[in-house]
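File shown: work.cif. Contents: mmCIF, C-alpha atoms.
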```
data_upload
#
loop_
_atom_site.group_PDB
_atom_site.id
_atom_site.type_symbol
_atom_site.label_atom_id
_atom_site.label_comp_id
_atom_site.auth_asym_id
_atom_site.auth_seq_id
_atom_site.Cartn_x
_atom_site.Cartn_y
_atom_site.Cartn_z
ATOM 1 C CA MET A 1 -18.088 10.887 -25.500
ATOM 2 C CA PRO A 2 -18.826 13.691 -28.015
ATOM 3 C CA CYS A 3 -17.891 12.971 -31.641
ATOM 4 C CA ARG A 4 -15.575 15.985 -31.770
ATOM 5 C CA LEU A 5 -13.610 14.742 -28.772
ATOM 6 C CA ARG A 6 -13.413 11.231 -30.240
ATOM 7 C CA ARG A 7 -11.999 12.628 -33.478
ATOM 8 C CA ALA A 8 -9.466 14.727 -31.576
ATOM 9 C CA LEU A 9 -8.362 11.744 -29.510
ATOM 10 C CA SER A 10 -8.019 9.620 -32.644
ATOM 11 C CA ALA A 11 -5.882 12.242 -34.369
ATOM 12 C CA ILE A 12 -3.619 12.716 -31.366
ATOM 13 C CA SER A 13 -3.398 8.945 -30.866
ATOM 14 C CA ALA A 14 -1.970 8.672 -34.367
ATOM 15 C CA LEU A 15 0.634 11.328 -33.571
ATOM 16 C CA ALA A 16 1.486 9.682 -30.265
ATOM 17 C CA ALA A 17 1.912 6.310 -31.950
ATOM 18 C CA GLY A 18 4.481 7.826 -34.286
ATOM 19 C CA ALA A 19 6.403 9.602 -31.545
ATOM 20 C CA VAL A 20 9.669 8.100 -30.366
ATOM 21 C CA ALA A 21 9.923 7.803 -26.601
ATOM 22 C CA LEU A 22 13.180 8.752 -24.922
ATOM 23 C CA ALA A 23 14.861 5.411 -24.246
ATOM 24 C CA THR A 24 17.256 6.551 -21.522
ATOM 25 C CA PRO A 25 17.087 9.456 -19.066
ATOM 26 C CA PRO A 26 18.841 12.619 -20.273
ATOM 27 C CA ALA A 27 22.161 13.741 -18.817
ATOM 28 C CA TRP A 28 20.655 16.427 -16.574
ATOM 29 C CA TRP A 29 18.392 13.796 -14.959
ATOM 30 C CA LEU A 30 21.305 11.440 -14.356
ATOM 31 C CA ARG A 31 23.127 14.207 -12.484
ATOM 32 C CA SER A 32 20.342 14.265 -9.875
ATOM 33 C CA HIS A 33 19.191 11.714 -7.333
ATOM 34 C CA VAL A 34 15.971 10.679 -5.617
ATOM 35 C CA ARG A 35 14.989 12.667 -2.548
ATOM 36 C CA ARG A 36 14.601 10.249 0.330
ATOM 37 C CA GLU A 37 13.224 12.363 3.154
ATOM 38 C CA GLU A 38 11.429 15.653 2.617
ATOM 39 C CA GLN A 39 8.599 17.635 4.186
ATOM 40 C CA PHE A 40 5.340 17.656 2.239
ATOM 41 C CA SER A 41 1.744 17.944 3.330
ATOM 42 C CA ILE A 42 -0.530 15.021 2.499
ATOM 43 C CA SER A 43 -2.568 17.271 0.194
ATOM 44 C CA GLU A 44 0.507 18.308 -1.759
ATOM 45 C CA LEU A 45 1.738 14.730 -1.897
ATOM 46 C CA GLU A 46 -1.596 13.555 -3.302
ATOM 47 C CA LEU A 47 -1.568 16.197 -6.037
ATOM 48 C CA MET A 48 2.063 15.597 -7.023
ATOM 49 C CA ALA A 49 1.497 11.834 -7.150
ATOM 50 C CA GLN A 50 -1.516 12.247 -9.448
ATOM 51 C CA LEU A 51 0.445 14.575 -11.728
ATOM 52 C CA GLY A 52 3.383 12.182 -11.698
ATOM 53 C CA VAL A 53 1.236 9.331 -13.000
ATOM 54 C CA LEU A 54 -0.145 11.557 -15.754
ATOM 55 C CA LEU A 55 3.289 12.791 -16.773
ATOM 56 C CA MET A 56 5.241 9.521 -16.627
ATOM 57 C CA PRO A 57 2.823 6.625 -16.065
ATOM 58 C CA ASP A 58 5.445 3.917 -16.598
ATOM 59 C CA HIS A 59 7.992 5.458 -14.235
ATOM 60 C CA PRO A 60 8.108 4.828 -10.463
ATOM 61 C CA ILE A 61 6.435 7.798 -8.793
ATOM 62 C CA GLU A 62 9.122 8.120 -6.127
ATOM 63 C CA GLU A 63 11.774 8.765 -8.794
ATOM 64 C CA LEU A 64 10.019 11.951 -9.916
ATOM 65 C CA PHE A 65 10.962 13.634 -6.613
ATOM 66 C CA ARG A 66 14.598 14.564 -7.190
ATOM 67 C CA ARG A 67 17.419 16.712 -5.853
ATOM 68 C CA PHE A 68 19.835 18.647 -8.073
ATOM 69 C CA GLU A 69 23.111 20.262 -7.130
ATOM 70 C CA GLY A 70 22.632 24.004 -6.779
ATOM 71 C CA SER A 71 24.789 27.097 -6.830
ATOM 72 C CA GLY A 72 24.546 30.503 -5.207
ATOM 73 C CA ARG A 73 21.703 30.596 -2.693
ATOM 74 C CA PHE A 74 20.832 27.001 -3.622
ATOM 75 C CA ARG A 75 24.335 25.616 -3.095
ATOM 76 C CA ARG A 76 23.789 24.322 0.436
ATOM 77 C CA ALA A 77 20.347 22.725 0.172
ATOM 78 C CA GLY A 78 20.430 22.032 -3.545
ATOM 79 C CA LEU A 79 17.598 22.519 -6.007
ATOM 80 C CA LEU A 80 14.509 20.601 -4.929
ATOM 81 C CA PRO A 81 11.655 20.833 -7.416
ATOM 82 C CA ASP A 82 8.443 19.343 -6.077
ATOM 83 C CA LEU A 83 8.137 17.140 -9.169
ATOM 84 C CA VAL A 84 10.206 16.687 -12.314
ATOM 85 C CA ALA A 85 9.648 14.758 -15.540
ATOM 86 C CA PHE A 86 11.375 14.201 -18.866
ATOM 87 C CA GLY A 87 10.192 13.008 -22.267
ATOM 88 C CA VAL A 88 6.868 14.834 -21.903
ATOM 89 C CA LEU A 89 7.569 17.919 -24.023
ATOM 90 C CA LYS A 90 8.211 18.335 -27.739
ATOM 91 C CA GLU A 91 11.907 18.657 -27.036
ATOM 92 C CA PRO A 92 12.494 15.051 -25.892
ATOM 93 C CA GLU A 93 15.295 15.837 -23.436
ATOM 94 C CA ALA A 94 13.610 18.919 -21.975
ATOM 95 C CA ALA A 95 12.521 18.989 -18.344
ATOM 96 C CA LEU A 96 9.116 19.764 -16.913
ATOM 97 C CA PHE A 97 9.344 20.997 -13.324
ATOM 98 C CA VAL A 98 6.265 21.341 -11.113
ATOM 99 C CA GLU A 99 6.275 23.527 -8.002
ATOM 100 C CA TYR A 100 3.499 23.831 -5.421
ATOM 101 C CA ASP A 101 3.345 27.317 -3.860
ATOM 102 C CA GLY A 102 0.563 26.703 -1.373
ATOM 103 C CA HIS A 103 1.957 28.701 1.547
ATOM 104 C CA TRP A 104 1.081 32.389 1.831
ATOM 105 C CA SER A 105 4.788 33.286 2.103
ATOM 106 C CA HIS A 106 5.076 32.829 -1.666
ATOM 107 C CA THR A 107 3.010 36.003 -2.090
ATOM 108 C CA ARG A 108 5.491 38.145 -0.148
ATOM 109 C CA SER A 109 8.344 39.972 -1.872
ATOM 110 C CA ARG A 110 10.961 37.626 -0.453
ATOM 111 C CA GLY A 111 9.042 34.531 -1.545
ATOM 112 C CA TYR A 112 8.431 36.019 -4.971
ATOM 113 C CA ARG A 113 12.141 36.716 -5.477
ATOM 114 C CA LYS A 114 13.134 33.256 -4.289
ATOM 115 C CA ASP A 115 10.632 31.561 -6.602
ATOM 116 C CA LYS A 116 11.814 33.662 -9.527
ATOM 117 C CA GLU A 117 15.437 32.766 -8.801
ATOM 118 C CA LYS A 118 14.524 29.101 -8.465
ATOM 119 C CA ASN A 119 12.758 29.165 -11.832
ATOM 120 C CA ALA A 120 15.889 30.588 -13.431
ATOM 121 C CA ALA A 121 18.134 28.049 -11.689
ATOM 122 C CA LEU A 122 15.977 25.088 -12.745
ATOM 123 C CA LEU A 123 15.828 26.237 -16.354
ATOM 124 C CA ALA A 124 19.586 26.869 -16.348
ATOM 125 C CA LEU A 125 20.374 23.252 -15.452
ATOM 126 C CA SER A 126 17.991 21.795 -18.048
ATOM 127 C CA PRO A 127 17.983 21.866 -21.873
ATOM 128 C CA PRO A 128 16.236 24.504 -24.000
ATOM 129 C CA GLY A 129 12.518 23.882 -24.237
ATOM 130 C CA SER A 130 12.169 23.054 -20.532
ATOM 131 C CA TRP A 131 9.300 24.517 -18.486
ATOM 132 C CA VAL A 132 8.362 25.299 -14.887
ATOM 133 C CA ILE A 133 4.730 25.040 -13.758
ATOM 134 C CA ARG A 134 3.849 26.675 -10.440
ATOM 135 C CA ILE A 135 0.597 25.860 -8.657
ATOM 136 C CA GLY A 136 -0.868 27.973 -5.865
ATOM 137 C CA HIS A 137 -3.983 29.479 -4.321
ATOM 138 C CA PHE A 138 -3.239 33.197 -4.617
ATOM 139 C CA ASN A 139 -3.132 35.891 -7.247
ATOM 140 C CA ARG A 140 0.531 36.443 -8.061
ATOM 141 C CA ARG A 141 2.523 38.917 -10.068
ATOM 142 C CA PRO A 142 3.839 37.515 -13.354
ATOM 143 C CA MET A 143 7.420 36.373 -12.901
ATOM 144 C CA GLY A 144 8.500 37.339 -16.370
ATOM 145 C CA GLY A 145 11.038 35.331 -18.242
ATOM 146 C CA ARG A 146 10.238 32.502 -20.555
ATOM 147 C CA ASN A 147 8.990 28.990 -20.067
ATOM 148 C CA SER A 148 7.152 29.361 -16.783
ATOM 149 C CA MET A 149 3.444 29.442 -15.989
ATOM 150 C CA TYR A 150 1.340 29.821 -12.868
ATOM 151 C CA VAL A 151 -1.879 27.904 -12.221
ATOM 152 C CA LYS A 152 -4.208 29.260 -9.554
ATOM 153 C CA VAL A 153 -6.376 26.578 -7.940
ATOM 154 C CA ASN A 154 -8.853 26.456 -5.086
ATOM 155 C CA GLU A 155 -7.640 25.202 -1.733
ATOM 156 C CA TRP A 156 -8.163 21.529 -1.034
ATOM 157 C CA GLN A 157 -7.727 19.106 1.828
ATOM 158 C CA GLY A 158 -6.115 15.692 1.770
ATOM 159 C CA ASP A 159 -8.409 12.663 1.480
ATOM 160 C CA GLU A 160 -11.134 14.689 -0.215
ATOM 161 C CA ASP A 161 -11.373 13.143 -3.663
ATOM 162 C CA GLN A 162 -13.762 15.729 -5.050
ATOM 163 C CA CYS A 163 -11.450 18.633 -4.208
ATOM 164 C CA LEU A 164 -8.409 16.778 -5.507
ATOM 165 C CA THR A 165 -10.242 15.897 -8.729
ATOM 166 C CA MET A 166 -11.197 19.536 -9.318
ATOM 167 C CA THR A 167 -7.676 20.765 -8.579
ATOM 168 C CA LEU A 168 -6.055 18.211 -10.852
ATOM 169 C CA GLY A 169 -8.605 19.011 -13.541
ATOM 170 C CA GLU A 170 -7.725 22.713 -13.431
ATOM 171 C CA VAL A 171 -4.005 21.985 -13.783
ATOM 172 C CA VAL A 172 -4.715 19.663 -16.724
ATOM 173 C CA ARG A 173 -6.975 22.263 -18.348
ATOM 174 C CA ARG A 174 -4.296 24.939 -18.121
ATOM 175 C CA MET A 175 -1.624 22.622 -19.471
ATOM 176 C CA LEU A 176 -3.810 21.790 -22.456
ATOM 177 C CA SER A 177 -4.539 25.449 -23.138
ATOM 178 C CA ASP A 178 -1.282 27.216 -22.260
ATOM 179 C CA LEU A 179 1.250 24.482 -23.087
ATOM 180 C CA ARG A 180 -0.547 22.872 -25.996
ATOM 181 C CA ALA A 181 2.187 23.716 -28.491
ATOM 182 C CA GLU A 182 4.892 22.430 -26.136
ATOM 183 C CA LEU A 183 3.471 19.037 -25.167
ATOM 184 C CA ASP A 184 4.659 15.708 -26.475
ATOM 185 C CA PRO A 185 1.755 14.066 -28.377
ATOM 186 C CA ALA A 186 1.639 11.121 -25.969
ATOM 187 C CA LEU A 187 1.257 13.425 -22.956
ATOM 188 C CA HIS A 188 -1.277 15.532 -24.830
ATOM 189 C CA LEU A 189 -3.313 12.385 -25.381
ATOM 190 C CA ARG A 190 -3.083 11.333 -21.723
ATOM 191 C CA LEU A 191 -4.236 14.765 -20.587
ATOM 192 C CA LEU A 192 -7.194 14.702 -22.978
ATOM 193 C CA ARG A 193 -8.170 11.244 -21.799
ATOM 194 C CA HIS A 194 -7.953 12.374 -18.200
ATOM 195 C CA GLN A 195 -10.111 15.372 -19.012
ATOM 196 C CA ALA A 196 -12.694 13.043 -20.541
ATOM 197 C CA SER A 197 -12.729 10.581 -17.630
ATOM 198 C CA ASN A 198 -11.909 12.974 -14.764
ATOM 199 C CA ALA A 199 -10.743 9.941 -12.794
ATOM 200 C CA LEU A 200 -8.051 9.784 -10.138
ATOM 201 C CA SER A 201 -5.245 7.255 -10.357
ATOM 202 C CA ALA A 202 -5.513 4.423 -7.836
ATOM 203 C CA LYS A 203 -1.749 3.925 -8.133
ATOM 204 C CA ALA A 204 -1.111 7.545 -7.132
ATOM 205 C CA LYS A 205 -3.563 7.378 -4.226
ATOM 206 C CA GLU A 206 -1.912 4.213 -2.922
ATOM 207 C CA PHE A 207 1.518 5.811 -3.197
ATOM 208 C CA ALA A 208 0.438 8.981 -1.367
ATOM 209 C CA ALA A 209 -1.226 7.011 1.427
ATOM 210 C CA ALA A 210 1.815 4.762 1.869
ATOM 211 C CA ALA A 211 4.206 7.726 1.868
ATOM 212 C CA ALA A 212 2.140 9.571 4.472
ATOM 213 C CA ARG A 213 1.858 6.466 6.664
ATOM 214 C CA ASP A 214 5.576 5.792 6.409
ATOM 215 C CA SER A 215 6.487 9.367 7.338
ATOM 216 C CA ARG A 216 4.253 9.241 10.421
ATOM 217 C CA ILE A 217 5.872 6.032 11.610
ATOM 218 C CA ARG A 218 9.348 7.489 11.107
ATOM 219 C CA ALA A 219 8.322 10.629 12.990
ATOM 220 C CA GLY A 220 7.117 8.510 15.919
ATOM 221 C CA LEU A 221 3.447 9.392 15.393
ATOM 222 C CA PRO A 222 0.471 7.030 15.314
ATOM 223 C CA ARG A 223 -0.227 5.774 11.814
ATOM 224 C CA GLU A 224 -3.371 7.865 11.427
ATOM 225 C CA ALA A 225 -2.231 10.876 13.452
ATOM 226 C CA GLU A 226 -2.556 14.305 11.901
ATOM 227 C CA THR A 227 -0.234 17.126 12.851
ATOM 228 C CA ALA A 228 -1.851 19.995 14.700
ATOM 229 C CA GLU A 229 -2.244 23.289 12.908
ATOM 230 C CA GLY A 230 1.041 25.155 13.017
ATOM 231 C CA ASP A 231 3.084 22.058 13.894
ATOM 232 C CA GLN A 232 5.984 21.073 11.703
ATOM 233 C CA LYS A 233 4.896 18.365 9.288
ATOM 234 C CA PRO A 234 6.802 15.083 9.581
ATOM 235 C CA PRO A 235 9.157 14.158 6.736
ATOM 236 C CA ARG A 236 8.098 11.595 4.194
ATOM 237 C CA CYS A 237 10.385 8.935 2.862
ATOM 238 C CA TYR A 238 10.110 7.072 -0.425
ATOM 239 C CA SER A 239 12.792 4.483 0.219
ATOM 240 C CA ASN A 240 10.333 1.757 1.250
ATOM 241 C CA ILE A 241 7.566 2.536 -1.251
#
```
Can the structure in the file be given as structure tokens, please?
Amino acid sequence: MPCRLRRALSAISALAAGAVALATPPAWWLRSHVRREEQFSISELELMAQLGVLLMPDHPIEELFRRFEGSGRFRRAGLLPDLVAFGVLKEPEAALFVEYDGHWSHTRSRGYRKDKEKNAALLALSPPGSWVIRIGHFNRRPMGGRNSMYVKVNEWQGDEDQCLTMTLGEVVRRMLSDLRAELDPALHLRLLRHQASNALSAKAKEFAAAAARDSRIRAGLPREAETAEGDQKPPRCYSNI
């Protein structure tokens, strides 16, 4: 490890050691509940699980997939961020929402408007200092407004560790560059350590595999069956994981 990186890690470790972790979940978190059955691709599930372990390593991964009560166009289905964390930003009670915009429909005007409205709705239900990170594969117009960022990544396929490692690395790199001033020191340190090791979490991989297997069983598919292109993906369920 280069000397400069070692010195940086040592300095941030000292800051992280002095930081006070949020002992109990904030009020906005307690007003939500775990999502039990949702539709996610295995690739998306793998990425969200890896990010979840980086964001809140001591928290059960399944609890980072949550549903919030919505209003307006989100009243019926609720607000369903792909991943949500607390205690990871400088404002201890602030939320960090992660959205995966992998489908091409997000590039259309309707998808753009919906994503912009969802950003506003998520930030409205969370304290000042909260952020939304969107991840996708396409060039997108800036959404304007504060406290949101878009990370463009290459496409990847589930079960391909090299692709997943590169995708996760790009998200981490952008967080360290664009959100550096907003990150809690402990998260900053975890991201730097991940950048140095570039290793995937075995815990996250096990979770993603179990969630995918469980969803296939519940959908009446063989354990290792893959849905055909264009077919509706089976729901996943975290209740038994």
Point-to-point distance in Å for atom CA of Ala202 of chain A and atom CA of Arg190 of chain A: 15.7 Å
Pick from A:Gly70, A:Pro81, A:Gly136, A:Gly145 nearest to Glu170 of chain A, counting only C-alpha atoms: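 Looking only at the distances to Glu170 of chain A, the closest residue turns out to be A:Gly136.
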Result set, the PyMOL selection byres ((chain A and resi 26) around 10) on current file, as a PyMOL selection string: chain A and resi 22-25+27-31+86-87+92-95+126-127
Output of the PyMOL selection byres ((chain A and resi 83) around 9), listed as a ChimeraX atom specification: /A:48-49,51-52,64-66,80-82,84-85,96-100
Interatomic distance, atom CA of Ser201 of chain A to atom CA of Glu46 of chain A (Å, one decimal): 10.1 Å
Asn147 of chain A surroundings by all atoms listed in the file, 10 Å radius, close-in-sequence under 4 positions cut, as a list in words: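 The filter keeps Leu96, Asn119, Ala120, Leu123, Pro128, Gly129, Ser130, Trp131, Val132, Ile133, Leu179 and Glu182 of chain A.
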Could you write out the selected residues, including C-alpha atoms, as an mmCIF file, keeping the file's coordinate frame?
```cif
data_model
loop_
_atom_site.group_PDB
_atom_site.id
_atom_site.type_symbol
_atom_site.label_atom_id
_atom_site.label_comp_id
_atom_site.auth_asym_id
_atom_site.auth_seq_id
_atom_site.Cartn_x
_atom_site.Cartn_y
_atom_site.Cartn_z
ATOM 1 C CA LEU A 96 9.116 19.764 -16.913
ATOM 2 C CA ASN A 119 12.758 29.165 -11.832
ATOM 3 C CA ALA A 120 15.889 30.588 -13.431
ATOM 4 C CA LEU A 123 15.828 26.237 -16.354
ATOM 5 C CA PRO A 128 16.236 24.504 -24.000
ATOM 6 C CA GLY A 129 12.518 23.882 -24.237
ATOM 7 C CA SER A 130 12.169 23.054 -20.532
ATOM 8 C CA TRP A 131 9.300 24.517 -18.486
ATOM 9 C CA VAL A 132 8.362 25.299 -14.887
ATOM 10 C CA ILE A 133 4.730 25.040 -13.758
ATOM 11 C CA LEU A 179 1.250 24.482 -23.087
ATOM 12 C CA GLU A 182 4.892 22.430 -26.136
#
```
Length of the atom CA of Lys152 of chain A to atom CA of Arg134 of chain A vector [Å]: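 These atoms are spaced 8.5 Å apart.
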Residue nearest Leu47 of chain A among A:Asp161, A:Glu69, A:Asp115, A:Glu91 (counting only C-alpha atoms):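 Looking only at the distances to Leu47 of chain A, the closest residue turns out to be A:Asp161.
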Selection under test: the PyMOL selection byres ((chain A and resi 172) around 9); residues as number ranges by chain: A: 51, 167-171, 173-177, 191-192, 194-195
Take segment 39-52 of chain A from the block and save it with N, CA and C atoms, as a PDB file, in the first residue's frame.
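Output saved as part-v3.pdb:
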```
ATOM      1  N   GLN A  39     -39.550  -6.983  -6.930  1.00  0.00           N
ATOM      2  CA  GLN A  39     -38.942  -7.480  -8.157  1.00  0.00           C
ATOM      3  C   GLN A  39     -37.598  -6.797  -8.387  1.00  0.00           C
ATOM      4  N   PHE A  40     -36.540  -7.579  -8.374  1.00  0.00           N
ATOM      5  CA  PHE A  40     -35.199  -7.090  -8.655  1.00  0.00           C
ATOM      6  C   PHE A  40     -34.490  -8.128  -9.510  1.00  0.00           C
ATOM      7  N   SER A  41     -33.635  -7.674 -10.399  1.00  0.00           N
ATOM      8  CA  SER A  41     -32.803  -8.621 -11.131  1.00  0.00           C
ATOM      9  C   SER A  41     -31.680  -9.081 -10.214  1.00  0.00           C
ATOM     10  N   ILE A  42     -31.091 -10.233 -10.523  1.00  0.00           N
ATOM     11  CA  ILE A  42     -29.997 -10.740  -9.702  1.00  0.00           C
ATOM     12  C   ILE A  42     -28.814  -9.784  -9.742  1.00  0.00           C
ATOM     13  N   SER A  43     -28.566  -9.159 -10.899  1.00  0.00           N
ATOM     14  CA  SER A  43     -27.446  -8.221 -10.997  1.00  0.00           C
ATOM     15  C   SER A  43     -27.653  -7.025 -10.075  1.00  0.00           C
ATOM     16  N   GLU A  44     -28.867  -6.483 -10.096  1.00  0.00           N
ATOM     17  CA  GLU A  44     -29.166  -5.346  -9.232  1.00  0.00           C
ATOM     18  C   GLU A  44     -29.070  -5.743  -7.766  1.00  0.00           C
ATOM     19  N   LEU A  45     -29.587  -6.917  -7.452  1.00  0.00           N
ATOM     20  CA  LEU A  45     -29.552  -7.395  -6.073  1.00  0.00           C
ATOM     21  C   LEU A  45     -28.117  -7.543  -5.587  1.00  0.00           C
ATOM     22  N   GLU A  46     -27.244  -8.066  -6.443  1.00  0.00           N
ATOM     23  CA  GLU A  46     -25.839  -8.217  -6.058  1.00  0.00           C
ATOM     24  C   GLU A  46     -25.192  -6.867  -5.773  1.00  0.00           C
ATOM     25  N   LEU A  47     -25.461  -5.877  -6.624  1.00  0.00           N
ATOM     26  CA  LEU A  47     -24.855  -4.562  -6.427  1.00  0.00           C
ATOM     27  C   LEU A  47     -25.389  -3.900  -5.161  1.00  0.00           C
ATOM     28  N   MET A  48     -26.710  -3.938  -4.957  1.00  0.00           N
ATOM     29  CA  MET A  48     -27.285  -3.308  -3.774  1.00  0.00           C
ATOM     30  C   MET A  48     -26.787  -3.975  -2.489  1.00  0.00           C
ATOM     31  N   ALA A  49     -26.633  -5.294  -2.518  1.00  0.00           N
ATOM     32  CA  ALA A  49     -26.142  -5.999  -1.333  1.00  0.00           C
ATOM     33  C   ALA A  49     -24.711  -5.578  -1.005  1.00  0.00           C
ATOM     34  N   GLN A  50     -23.867  -5.468  -2.034  1.00  0.00           N
ATOM     35  CA  GLN A  50     -22.484  -5.036  -1.802  1.00  0.00           C
ATOM     36  C   GLN A  50     -22.442  -3.613  -1.241  1.00  0.00           C
ATOM     37  N   LEU A  51     -23.256  -2.730  -1.799  1.00  0.00           N
ATOM     38  CA  LEU A  51     -23.308  -1.358  -1.289  1.00  0.00           C
ATOM     39  C   LEU A  51     -23.847  -1.328   0.137  1.00  0.00           C
ATOM     40  N   GLY A  52     -24.833  -2.173   0.410  1.00  0.00           N
ATOM     41  CA  GLY A  52     -25.400  -2.217   1.751  1.00  0.00           C
ATOM     42  C   GLY A  52     -24.366  -2.572   2.803  1.00  0.00           C
TER      43      GLY A  52
END
```
